[in-house]
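Chemist: Quick one: structure below, then a few questions.
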2 protein chains.
Amino acid sequence: MEIETLIMHFKAYLSLNEEEIQELSSRVSIRTIKRRQFLLSEGEKCKHYNFVVSGCFKMYKIDPAGKEHNLLFACENEWVTDIGSFHTEKPSELYIEAIEPSTVIQIKKEDLLFFYMNYPKFDRNFRVIIEDKFVELQNRLLQTFSSTAEERYLSFLDQYPHLLQRLPNTQIASYIGITPEFLSRIRKELSRK
Amino acid sequence: MEIETLIMHFKAYLSLNEEEIQELSSRVSIRTIKRRQFLLSEGEKCKHYNFVVSGCFKMYKIDPAGKEHNLLFACENEWVTDIGSFHTEKPSELYIEAIEPSTVIQIKKEDLLFFYMNYPKFDRNFRVIIEDKFVELQNRLLQTFSSTAEERYLSFLDQYPHLLQRLPNTQIASYIGITPEFLSRIRKELSRK
DNA sequence: CGCGACGTTGATTTGCCTCAACGATTGTGG
DNA sequence: CCACAATCGTTGAGGCAAATCAACGTCGCG
């Protein structure tokens with residue numbers, strides 16, 4: 001069952017007893033998502049934490065000029081949510097879209113709060129996860145300030161080799177903050193070496 | 001006393017009983033920092049969470065070309081730490097430097113863990129804080145992808161008006177990811193309007 | 001006083017974008 | 001299963017935002 005995946009994920013961080021597993025099972029829901037289907041669109045409130053059981057998503061913003069900017073990709077065993085909208089309960093400015101046919105486990109805010117209230121270990125679990133993500137994001141920002149597009153591309157290849165087969169170059173370009181055309185030129189230059 | 005500031009800070013998020021206040025008082029230390037003095041230098045392990053009681057710090061990286069890139073400024077009632085190095089206990093790549101004469105409260109890792117273990121509310125407190133910081137950082141990254149330098153500068157003015165009097169333009173330029181020369185041109189252009 | 005940080009300005013360069021065009025590939029509806 | 005559309009990758013020409021390098025005046029500070 002899909003929920004097993006989630007339980008295994010938590011158990012990597014903390015121990016769960018039978019009661020907690022029961023609560024988990026009864027308080028999450030499983031959704032199957034088609035390619036190009038949205039978990040969240042601009043203007044909607046983000047009402048769930050989404051845990052990716054299988055497949056892959058991108059979370060991105062569309063700027064006033066109509067261009068997409070990828071904030072992150074989320075594959076198996078990762079969480080994807082617009083934390084800002086989830087907290088403030090204001091409309092999101094982001095999209096979360098399936099890149100592949102996917103399965104996710106969703107937790108509603110009230111249920112997440114239930115876990116926070118009754119089992120503080122979940123606070124810790126999500127604190128640790130987001131601290132790691134925060135460090136990643138800091139490094140990414142530093143890199144966009146201090147490195148060329150080519151360096152960022154190479155570092156992307158290095159950091160996310162498993163994503164390469166699953167993503168068109170267009171999406172990678174958007175993630176590292178350049179145009180597809182320019183990425184193409186970078187790749188050409190690299191292959192010349 | 002300085003510790004009062006920290007207690008007030010926590011009380012904005014959670015309630016503290018007498019015992020917890022006692023533990024806090026006995027497990028933190030207070031340091032006075034001169035202008036241009038470092039809380040952390042590249043190559044050192046980051047061993048403390050630092051809470052700014054008074055004054056102001058910048059956390060930045062020096063890239064291979066020798067240029068500084070400001071990750072953040074931390075003033076009164078904010079935390080400043082290289083979370084990555086703090087967790088992994090590997091040498092940091094960052095500097096934390098006082099911009100003004102400052103006072104900080106430091107918590108060592110073992111003491112922070114003590115609070116996490118014995119009073120889970122601290123997990124929640126720091127989870128919430130970092131979730132907010134994470135959202136901020138995401139927006140900043142999106143902005144560097146989708147906005148011009150002038151827009152980022154205006155948005156900085158908008159978001160951190162209280163920092164303006166305390167920072168030279170050089171530091172702002174580094175924060176928004178441009179050179180001081182170019183910021184000067186932007187400001188000239190803006191004043192022309 | 002003198003030195004180093006700061007702000008400014010000019011001339012030049014460059015990394016990356018824009019727009020446009022084209023073939024190859026993928027996917028989709030009839 | 002084919003035909004057509006949409007997405008994708010590539011290439012060229014030209015343009016622009018921002019960096020670089022250099023010079024100079026000001027100010028605060030030790």
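All residue names refer to the structure tokens as shown: chains lettered A, B, ... in order, residues numbered from 1 in each chain, ligands numbered from 1 in order.
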Show which residues sit within 12 Å of DC21 in chain D, as a list of chain:residue names. Count only C-alpha atoms (C1' of nucleotides), and ignore same-chain residues fewer than 5 positions away.
Modeler: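 My reading of the contact set: B:Glu181, C:DG10, C:DA11, C:DT12, C:DT13.
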Chemist: Can you give me chain A superposed onto chain B, least-squares on all Cα in order, written as a PDB file with C-alpha atoms, in the first residue's frame?
Modeler:
ATOM      1  CA  MET A   1      19.145  41.717  31.587  1.00  0.00           C
ATOM      2  CA  GLU A   2      19.835  40.487  28.088  1.00  0.00           C
ATOM      3  CA  ILE A   3      18.240  37.142  28.713  1.00  0.00           C
ATOM      4  CA  GLU A   4      14.905  38.866  29.175  1.00  0.00           C
ATOM      5  CA  THR A   5      15.003  39.728  25.484  1.00  0.00           C
ATOM      6  CA  LEU A   6      15.372  36.093  24.562  1.00  0.00           C
ATOM      7  CA  ILE A   7      12.582  35.037  26.874  1.00  0.00           C
ATOM      8  CA  MET A   8      10.282  37.648  25.435  1.00  0.00           C
ATOM      9  CA  HIS A   9      11.193  36.391  21.979  1.00  0.00           C
ATOM     10  CA  PHE A  10      10.209  32.828  22.854  1.00  0.00           C
ATOM     11  CA  LYS A  11       7.057  33.930  24.577  1.00  0.00           C
ATOM     12  CA  ALA A  12       5.860  35.433  21.326  1.00  0.00           C
ATOM     13  CA  TYR A  13       5.629  31.866  20.056  1.00  0.00           C
ATOM     14  CA  LEU A  14       5.023  29.724  23.130  1.00  0.00           C
ATOM     15  CA  SER A  15       4.568  29.812  26.887  1.00  0.00           C
ATOM     16  CA  LEU A  16       7.442  29.188  29.254  1.00  0.00           C
ATOM     17  CA  ASN A  17       7.171  28.044  32.832  1.00  0.00           C
ATOM     18  CA  GLU A  18       9.589  28.874  35.636  1.00  0.00           C
ATOM     19  CA  GLU A  19      11.614  25.714  35.159  1.00  0.00           C
ATOM     20  CA  GLU A  20      12.136  26.357  31.480  1.00  0.00           C
ATOM     21  CA  ILE A  21      13.195  29.927  32.112  1.00  0.00           C
ATOM     22  CA  GLN A  22      15.690  28.661  34.658  1.00  0.00           C
ATOM     23  CA  GLU A  23      17.105  26.171  32.198  1.00  0.00           C
ATOM     24  CA  LEU A  24      17.338  28.821  29.550  1.00  0.00           C
ATOM     25  CA  SER A  25      19.172  31.178  31.836  1.00  0.00           C
ATOM     26  CA  SER A  26      21.675  28.581  32.866  1.00  0.00           C
ATOM     27  CA  ARG A  27      22.302  27.163  29.411  1.00  0.00           C
ATOM     28  CA  VAL A  28      22.996  30.212  27.315  1.00  0.00           C
ATOM     29  CA  SER A  29      25.873  32.634  27.331  1.00  0.00           C
ATOM     30  CA  ILE A  30      26.038  36.289  26.526  1.00  0.00           C
ATOM     31  CA  ARG A  31      28.726  37.831  24.376  1.00  0.00           C
ATOM     32  CA  THR A  32      29.578  41.370  23.485  1.00  0.00           C
ATOM     33  CA  ILE A  33      30.847  41.782  19.950  1.00  0.00           C
ATOM     34  CA  LYS A  34      32.715  44.716  18.490  1.00  0.00           C
ATOM     35  CA  ARG A  35      32.084  46.129  15.064  1.00  0.00           C
ATOM     36  CA  ARG A  36      33.859  44.009  12.428  1.00  0.00           C
ATOM     37  CA  GLN A  37      34.351  41.153  14.800  1.00  0.00           C
ATOM     38  CA  PHE A  38      33.371  37.676  13.599  1.00  0.00           C
ATOM     39  CA  LEU A  39      30.948  35.208  15.114  1.00  0.00           C
ATOM     40  CA  LEU A  40      32.003  32.709  12.460  1.00  0.00           C
ATOM     41  CA  SER A  41      34.687  32.530   9.789  1.00  0.00           C
ATOM     42  CA  GLU A  42      35.125  30.296   6.786  1.00  0.00           C
ATOM     43  CA  GLY A  43      36.756  27.021   7.785  1.00  0.00           C
ATOM     44  CA  GLU A  44      35.409  27.066  11.341  1.00  0.00           C
ATOM     45  CA  LYS A  45      32.637  24.807  12.549  1.00  0.00           C
ATOM     46  CA  CYS A  46      29.492  26.697  13.461  1.00  0.00           C
ATOM     47  CA  LYS A  47      28.917  25.679  17.055  1.00  0.00           C
ATOM     48  CA  HIS A  48      26.196  28.049  18.206  1.00  0.00           C
ATOM     49  CA  TYR A  49      22.797  29.382  17.504  1.00  0.00           C
ATOM     50  CA  ASN A  50      23.191  33.128  17.951  1.00  0.00           C
ATOM     51  CA  PHE A  51      20.333  35.351  19.034  1.00  0.00           C
ATOM     52  CA  VAL A  52      20.920  39.048  18.413  1.00  0.00           C
ATOM     53  CA  VAL A  53      20.005  41.116  21.459  1.00  0.00           C
ATOM     54  CA  SER A  54      21.321  44.374  20.059  1.00  0.00           C
ATOM     55  CA  GLY A  55      23.317  45.433  17.051  1.00  0.00           C
ATOM     56  CA  CYS A  56      23.405  43.932  13.605  1.00  0.00           C
ATOM     57  CA  PHE A  57      25.237  41.200  11.686  1.00  0.00           C
ATOM     58  CA  LYS A  58      25.741  40.116   8.137  1.00  0.00           C
ATOM     59  CA  MET A  59      26.234  36.520   7.037  1.00  0.00           C
ATOM     60  CA  TYR A  60      28.013  36.145   3.734  1.00  0.00           C
ATOM     61  CA  LYS A  61      30.166  33.988   1.534  1.00  0.00           C
ATOM     62  CA  ILE A  62      33.386  34.957  -0.200  1.00  0.00           C
ATOM     63  CA  ASP A  63      33.473  33.357  -3.636  1.00  0.00           C
ATOM     64  CA  PRO A  64      36.616  32.035  -5.372  1.00  0.00           C
ATOM     65  CA  ALA A  65      37.049  35.428  -7.068  1.00  0.00           C
ATOM     66  CA  GLY A  66      37.172  37.080  -3.656  1.00  0.00           C
ATOM     67  CA  LYS A  67      33.760  38.758  -3.775  1.00  0.00           C
ATOM     68  CA  GLU A  68      31.390  38.928  -0.859  1.00  0.00           C
ATOM     69  CA  HIS A  69      27.783  37.816  -1.249  1.00  0.00           C
ATOM     70  CA  ASN A  70      25.450  38.699   1.586  1.00  0.00           C
ATOM     71  CA  LEU A  71      23.013  35.989   2.494  1.00  0.00           C
ATOM     72  CA  LEU A  72      21.258  37.925   5.204  1.00  0.00           C
ATOM     73  CA  PHE A  73      21.334  40.665   7.792  1.00  0.00           C
ATOM     74  CA  ALA A  74      20.316  39.839  11.347  1.00  0.00           C
ATOM     75  CA  CYS A  75      19.296  42.551  13.805  1.00  0.00           C
ATOM     76  CA  GLU A  76      17.603  42.681  17.186  1.00  0.00           C
ATOM     77  CA  ASN A  77      15.486  39.621  17.996  1.00  0.00           C
ATOM     78  CA  GLU A  78      16.717  37.544  15.099  1.00  0.00           C
ATOM     79  CA  TRP A  79      18.708  34.332  14.930  1.00  0.00           C
ATOM     80  CA  VAL A  80      21.833  34.020  12.869  1.00  0.00           C
ATOM     81  CA  THR A  81      23.653  30.743  12.297  1.00  0.00           C
ATOM     82  CA  ASP A  82      25.085  28.648   9.522  1.00  0.00           C
ATOM     83  CA  ILE A  83      22.565  25.873   9.899  1.00  0.00           C
ATOM     84  CA  GLY A  84      24.392  23.671   7.428  1.00  0.00           C
ATOM     85  CA  SER A  85      27.656  23.675   9.338  1.00  0.00           C
ATOM     86  CA  PHE A  86      25.830  23.517  12.658  1.00  0.00           C
ATOM     87  CA  HIS A  87      24.119  20.285  11.622  1.00  0.00           C
ATOM     88  CA  THR A  88      26.845  18.508   9.747  1.00  0.00           C
ATOM     89  CA  GLU A  89      29.610  19.778  12.031  1.00  0.00           C
ATOM     90  CA  LYS A  90      31.680  20.381   8.959  1.00  0.00           C
ATOM     91  CA  PRO A  91      33.689  23.561   8.382  1.00  0.00           C
ATOM     92  CA  SER A  92      31.552  26.475   7.315  1.00  0.00           C
ATOM     93  CA  GLU A  93      31.961  28.362   4.049  1.00  0.00           C
ATOM     94  CA  LEU A  94      30.342  31.438   5.530  1.00  0.00           C
ATOM     95  CA  TYR A  95      31.241  34.441   7.623  1.00  0.00           C
ATOM     96  CA  ILE A  96      29.089  36.051  10.284  1.00  0.00           C
ATOM     97  CA  GLU A  97      30.380  39.529  11.034  1.00  0.00           C
ATOM     98  CA  ALA A  98      29.129  42.356  13.246  1.00  0.00           C
ATOM     99  CA  ILE A  99      28.166  45.464  11.298  1.00  0.00           C
ATOM    100  CA  GLU A 100      27.647  47.350  14.568  1.00  0.00           C
ATOM    101  CA  PRO A 101      28.758  46.842  18.157  1.00  0.00           C
ATOM    102  CA  SER A 102      26.446  44.056  19.218  1.00  0.00           C
ATOM    103  CA  THR A 103      25.314  41.738  21.963  1.00  0.00           C
ATOM    104  CA  VAL A 104      24.315  38.157  21.276  1.00  0.00           C
ATOM    105  CA  ILE A 105      23.047  35.216  23.257  1.00  0.00           C
ATOM    106  CA  GLN A 106      24.663  31.943  22.258  1.00  0.00           C
ATOM    107  CA  ILE A 107      23.306  28.442  22.604  1.00  0.00           C
ATOM    108  CA  LYS A 108      25.630  25.520  22.082  1.00  0.00           C
ATOM    109  CA  LYS A 109      24.489  22.511  20.122  1.00  0.00           C
ATOM    110  CA  GLU A 110      24.331  20.212  23.139  1.00  0.00           C
ATOM    111  CA  ASP A 111      22.157  22.724  24.976  1.00  0.00           C
ATOM    112  CA  LEU A 112      19.860  23.234  22.033  1.00  0.00           C
ATOM    113  CA  LEU A 113      19.502  19.458  21.820  1.00  0.00           C
ATOM    114  CA  PHE A 114      18.717  19.441  25.521  1.00  0.00           C
ATOM    115  CA  PHE A 115      15.822  21.787  24.912  1.00  0.00           C
ATOM    116  CA  TYR A 116      14.639  19.808  21.905  1.00  0.00           C
ATOM    117  CA  MET A 117      14.705  16.599  23.948  1.00  0.00           C
ATOM    118  CA  ASN A 118      13.084  17.883  27.102  1.00  0.00           C
ATOM    119  CA  TYR A 119      10.772  20.580  25.823  1.00  0.00           C
ATOM    120  CA  PRO A 120       9.421  19.698  22.405  1.00  0.00           C
ATOM    121  CA  LYS A 121       7.857  23.123  22.131  1.00  0.00           C
ATOM    122  CA  PHE A 122      11.274  24.362  21.062  1.00  0.00           C
ATOM    123  CA  ASP A 123      11.141  22.087  18.058  1.00  0.00           C
ATOM    124  CA  ARG A 124       7.947  23.799  17.085  1.00  0.00           C
ATOM    125  CA  ASN A 125       9.318  27.259  17.755  1.00  0.00           C
ATOM    126  CA  PHE A 126      12.295  26.764  15.482  1.00  0.00           C
ATOM    127  CA  ARG A 127      10.231  24.928  12.893  1.00  0.00           C
ATOM    128  CA  VAL A 128       7.900  27.904  12.573  1.00  0.00           C
ATOM    129  CA  ILE A 129      10.747  30.408  12.450  1.00  0.00           C
ATOM    130  CA  ILE A 130      12.587  28.573   9.753  1.00  0.00           C
ATOM    131  CA  GLU A 131       9.469  27.937   7.724  1.00  0.00           C
ATOM    132  CA  ASP A 132       8.994  31.689   7.552  1.00  0.00           C
ATOM    133  CA  LYS A 133      12.619  32.219   6.609  1.00  0.00           C
ATOM    134  CA  PHE A 134      12.291  29.531   3.985  1.00  0.00           C
ATOM    135  CA  VAL A 135       9.376  31.312   2.327  1.00  0.00           C
ATOM    136  CA  GLU A 136      11.349  34.564   2.380  1.00  0.00           C
ATOM    137  CA  LEU A 137      14.290  32.859   0.734  1.00  0.00           C
ATOM    138  CA  GLN A 138      12.118  31.253  -1.930  1.00  0.00           C
ATOM    139  CA  ASN A 139      10.699  34.633  -2.823  1.00  0.00           C
ATOM    140  CA  ARG A 140      14.139  36.121  -2.967  1.00  0.00           C
ATOM    141  CA  LEU A 141      15.305  33.431  -5.368  1.00  0.00           C
ATOM    142  CA  LEU A 142      12.247  33.894  -7.551  1.00  0.00           C
ATOM    143  CA  GLN A 143      12.927  37.596  -7.603  1.00  0.00           C
ATOM    144  CA  THR A 144      16.517  37.224  -8.707  1.00  0.00           C
ATOM    145  CA  PHE A 145      15.225  35.077 -11.581  1.00  0.00           C
ATOM    146  CA  SER A 146      12.388  37.301 -12.678  1.00  0.00           C
ATOM    147  CA  SER A 147      13.214  40.908 -11.760  1.00  0.00           C
ATOM    148  CA  THR A 148      15.773  43.504 -12.797  1.00  0.00           C
ATOM    149  CA  ALA A 149      18.285  44.912 -10.357  1.00  0.00           C
ATOM    150  CA  GLU A 150      16.235  48.084 -10.037  1.00  0.00           C
ATOM    151  CA  GLU A 151      13.113  46.150  -9.069  1.00  0.00           C
ATOM    152  CA  ARG A 152      15.062  44.154  -6.512  1.00  0.00           C
ATOM    153  CA  TYR A 153      16.467  47.330  -5.016  1.00  0.00           C
ATOM    154  CA  LEU A 154      13.048  48.938  -4.719  1.00  0.00           C
ATOM    155  CA  SER A 155      11.695  45.800  -3.175  1.00  0.00           C
ATOM    156  CA  PHE A 156      14.563  45.763  -0.684  1.00  0.00           C
ATOM    157  CA  LEU A 157      13.751  49.343   0.334  1.00  0.00           C
ATOM    158  CA  ASP A 158      10.160  48.320   0.716  1.00  0.00           C
ATOM    159  CA  GLN A 159      10.877  45.211   2.753  1.00  0.00           C
ATOM    160  CA  TYR A 160      13.691  46.429   5.003  1.00  0.00           C
ATOM    161  CA  PRO A 161      13.278  50.195   5.462  1.00  0.00           C
ATOM    162  CA  HIS A 162      14.733  49.976   8.973  1.00  0.00           C
ATOM    163  CA  LEU A 163      18.008  48.633   7.590  1.00  0.00           C
ATOM    164  CA  LEU A 164      18.583  51.599   5.316  1.00  0.00           C
ATOM    165  CA  GLN A 165      20.081  53.882   7.917  1.00  0.00           C
ATOM    166  CA  ARG A 166      22.243  51.125   9.263  1.00  0.00           C
ATOM    167  CA  LEU A 167      23.819  49.839   6.065  1.00  0.00           C
ATOM    168  CA  PRO A 168      26.155  51.306   3.468  1.00  0.00           C
ATOM    169  CA  ASN A 169      24.918  50.849  -0.092  1.00  0.00           C
ATOM    170  CA  THR A 170      27.776  48.471  -0.756  1.00  0.00           C
ATOM    171  CA  GLN A 171      26.149  45.955   1.566  1.00  0.00           C
ATOM    172  CA  ILE A 172      22.742  46.323  -0.029  1.00  0.00           C
ATOM    173  CA  ALA A 173      24.267  45.811  -3.462  1.00  0.00           C
ATOM    174  CA  SER A 174      25.858  42.594  -2.270  1.00  0.00           C
ATOM    175  CA  TYR A 175      22.541  41.431  -0.803  1.00  0.00           C
ATOM    176  CA  ILE A 176      20.572  41.933  -3.995  1.00  0.00           C
ATOM    177  CA  GLY A 177      23.372  40.444  -6.058  1.00  0.00           C
ATOM    178  CA  ILE A 178      24.824  43.384  -8.000  1.00  0.00           C
ATOM    179  CA  THR A 179      27.972  45.538  -7.897  1.00  0.00           C
ATOM    180  CA  PRO A 180      28.119  48.782  -5.885  1.00  0.00           C
ATOM    181  CA  GLU A 181      28.801  50.688  -9.106  1.00  0.00           C
ATOM    182  CA  PHE A 182      25.648  49.452 -10.711  1.00  0.00           C
ATOM    183  CA  LEU A 183      23.584  50.199  -7.616  1.00  0.00           C
ATOM    184  CA  SER A 184      24.918  53.731  -7.730  1.00  0.00           C
ATOM    185  CA  ARG A 185      23.684  54.088 -11.301  1.00  0.00           C
ATOM    186  CA  ILE A 186      20.291  52.718 -10.329  1.00  0.00           C
ATOM    187  CA  ARG A 187      19.989  55.232  -7.509  1.00  0.00           C
ATOM    188  CA  LYS A 188      20.957  58.044  -9.815  1.00  0.00           C
ATOM    189  CA  GLU A 189      18.341  56.986 -12.325  1.00  0.00           C
ATOM    190  CA  LEU A 190      15.688  56.719  -9.603  1.00  0.00           C
ATOM    191  CA  SER A 191      16.446  60.162  -8.192  1.00  0.00           C
ATOM    192  CA  ARG A 192      16.068  61.606 -11.676  1.00  0.00           C
ATOM    193  CA  LYS A 193      12.373  60.677 -11.511  1.00  0.00           C
TER     194      LYS A 193
END
Chemist: One decimal, Å: what's the distance from C1' of DC1 in chain D over to C1' of DT28 in chain C, could you say?
Modeler: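 These atoms are spaced 12.0 Å apart.
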Chemist: Please list as a list in words every residue within 10 Å of DG28 in chain D, counting only C-alpha atoms (C1' of nucleotides) and excluding residues in the same chain fewer than 6 positions away.
Modeler: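 Contacts, in chain order: DG4, DA5 and DC6 of chain C.
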Chemist: Could you find all residues in chain B that DSSP calls helix (DSSP H, G or I) from the backbone, and write them as an MDAnalysis selection string?
Modeler: chainID B and resid 2:11 18:27 83:88 109:118 121:146 149:159 161:166 169:176 180:191
Chemist: Using C-alpha atoms, can you export the residues from the last selection as a tab-separated table (two decimals), in the first residue's frame?
Modeler:
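Here's the written file out38.tsv:
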chain	number	residue	atom	x	y	z
B	2	GLU	CA	19.83	40.48	28.06
B	3	ILE	CA	18.22	37.15	28.69
B	4	GLU	CA	14.89	38.88	29.15
B	5	THR	CA	15.00	39.75	25.45
B	6	LEU	CA	15.36	36.10	24.53
B	7	ILE	CA	12.56	35.06	26.85
B	8	MET	CA	10.27	37.67	25.38
B	9	HIS	CA	11.18	36.38	21.94
B	10	PHE	CA	10.20	32.83	22.82
B	11	LYS	CA	7.03	33.97	24.54
B	18	GLU	CA	9.56	28.95	35.61
B	19	GLU	CA	11.59	25.78	35.15
B	20	GLU	CA	12.12	26.41	31.47
B	21	ILE	CA	13.17	29.97	32.10
B	22	GLN	CA	15.66	28.73	34.66
B	23	GLU	CA	17.08	26.21	32.21
B	24	LEU	CA	17.33	28.85	29.55
B	25	SER	CA	19.16	31.22	31.83
B	26	SER	CA	21.66	28.61	32.86
B	27	ARG	CA	22.30	27.19	29.41
B	83	ILE	CA	22.61	25.86	9.91
B	84	GLY	CA	24.42	23.64	7.43
B	85	SER	CA	27.68	23.65	9.33
B	86	PHE	CA	25.85	23.50	12.66
B	87	HIS	CA	24.15	20.25	11.63
B	88	THR	CA	26.87	18.48	9.74
B	109	LYS	CA	24.48	22.52	20.13
B	110	GLU	CA	24.32	20.23	23.17
B	111	ASP	CA	22.15	22.74	24.98
B	112	LEU	CA	19.86	23.25	22.03
B	113	LEU	CA	19.50	19.47	21.84
B	114	PHE	CA	18.72	19.46	25.54
B	115	PHE	CA	15.82	21.82	24.92
B	116	TYR	CA	14.63	19.83	21.92
B	117	MET	CA	14.69	16.61	23.98
B	118	ASN	CA	13.07	17.92	27.12
B	121	LYS	CA	7.85	23.14	22.12
B	122	PHE	CA	11.28	24.37	21.06
B	123	ASP	CA	11.14	22.09	18.05
B	124	ARG	CA	7.93	23.79	17.09
B	125	ASN	CA	9.31	27.25	17.74
B	126	PHE	CA	12.28	26.75	15.49
B	127	ARG	CA	10.23	24.91	12.89
B	128	VAL	CA	7.90	27.86	12.56
B	129	ILE	CA	10.74	30.38	12.44
B	130	ILE	CA	12.60	28.55	9.74
B	131	GLU	CA	9.48	27.89	7.72
B	132	ASP	CA	8.99	31.64	7.54
B	133	LYS	CA	12.62	32.18	6.61
B	134	PHE	CA	12.29	29.49	3.96
B	135	VAL	CA	9.39	31.26	2.32
B	136	GLU	CA	11.35	34.51	2.38
B	137	LEU	CA	14.30	32.83	0.74
B	138	GLN	CA	12.13	31.22	-1.94
B	139	ASN	CA	10.69	34.58	-2.82
B	140	ARG	CA	14.13	36.10	-2.96
B	141	LEU	CA	15.31	33.41	-5.36
B	142	LEU	CA	12.25	33.86	-7.54
B	143	GLN	CA	12.91	37.57	-7.59
B	144	THR	CA	16.51	37.21	-8.72
B	145	PHE	CA	15.23	35.06	-11.58
B	146	SER	CA	12.39	37.28	-12.66
B	149	ALA	CA	18.26	44.93	-10.35
B	150	GLU	CA	16.21	48.09	-10.00
B	151	GLU	CA	13.10	46.14	-9.04
B	152	ARG	CA	15.04	44.13	-6.49
B	153	TYR	CA	16.45	47.31	-4.99
B	154	LEU	CA	13.04	48.92	-4.68
B	155	SER	CA	11.68	45.79	-3.14
B	156	PHE	CA	14.55	45.75	-0.66
B	157	LEU	CA	13.75	49.32	0.35
B	158	ASP	CA	10.17	48.30	0.76
B	159	GLN	CA	10.88	45.18	2.78
B	161	PRO	CA	13.27	50.15	5.48
B	162	HIS	CA	14.73	49.94	8.99
B	163	LEU	CA	18.01	48.60	7.60
B	164	LEU	CA	18.58	51.58	5.33
B	165	GLN	CA	20.08	53.88	7.93
B	166	ARG	CA	22.27	51.10	9.27
B	169	ASN	CA	24.95	50.86	-0.08
B	170	THR	CA	27.77	48.45	-0.76
B	171	GLN	CA	26.16	45.94	1.57
B	172	ILE	CA	22.76	46.33	-0.01
B	173	ALA	CA	24.26	45.80	-3.45
B	174	SER	CA	25.85	42.58	-2.27
B	175	TYR	CA	22.54	41.42	-0.79
B	176	ILE	CA	20.57	41.92	-3.98
B	180	PRO	CA	28.12	48.75	-5.89
B	181	GLU	CA	28.79	50.66	-9.11
B	182	PHE	CA	25.61	49.46	-10.67
B	183	LEU	CA	23.57	50.22	-7.57
B	184	SER	CA	24.94	53.74	-7.69
B	185	ARG	CA	23.68	54.10	-11.26
B	186	ILE	CA	20.29	52.74	-10.27
B	187	ARG	CA	20.01	55.24	-7.43
B	188	LYS	CA	20.99	58.08	-9.72
B	189	GLU	CA	18.36	57.03	-12.22
B	190	LEU	CA	15.70	56.75	-9.51
B	191	SER	CA	16.47	60.18	-8.07
Chemist: Report, in Å to a single decimal, how far apart C1' of DT7 in chain D and C1' of DT25 in chain C are.
Modeler: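 C1' of DT7 in chain D lies 8.4 Å from C1' of DT25 in chain C.
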Chemist: For a quick check of understanding, using only C-alpha atoms (C1' of nucleotides), which of D:DC8, D:DC27, D:DA18, D:DA13 has the smallest distance to chain B?
Modeler: D:DA18
Chemist: Env of DG30 in chain C: 12 Å cut, atoms = only C-alpha atoms (C1' of nucleotides), seq-sep filter 3 positions within chain, self excluded. Answer as an NGL selection string.
Modeler: :D and (1-4)
Chemist: List the spatial neighbours of DG14 in chain D as a VMD selection string - criterion: any atom at most 12 Å away, only C-alpha atoms (C1' of nucleotides), same-chain residues fewer than 6 positions off excluded.
Modeler: chain C and resid 17 to 20
Chemist: What is the distance, in Å and to one decimal place, between C1' of DG30 in chain D and C1' of DG2 in chain C?
Modeler: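 Computed distance, C1' of DG30 in chain D to C1' of DG2 in chain C, equals 9.9 Å.
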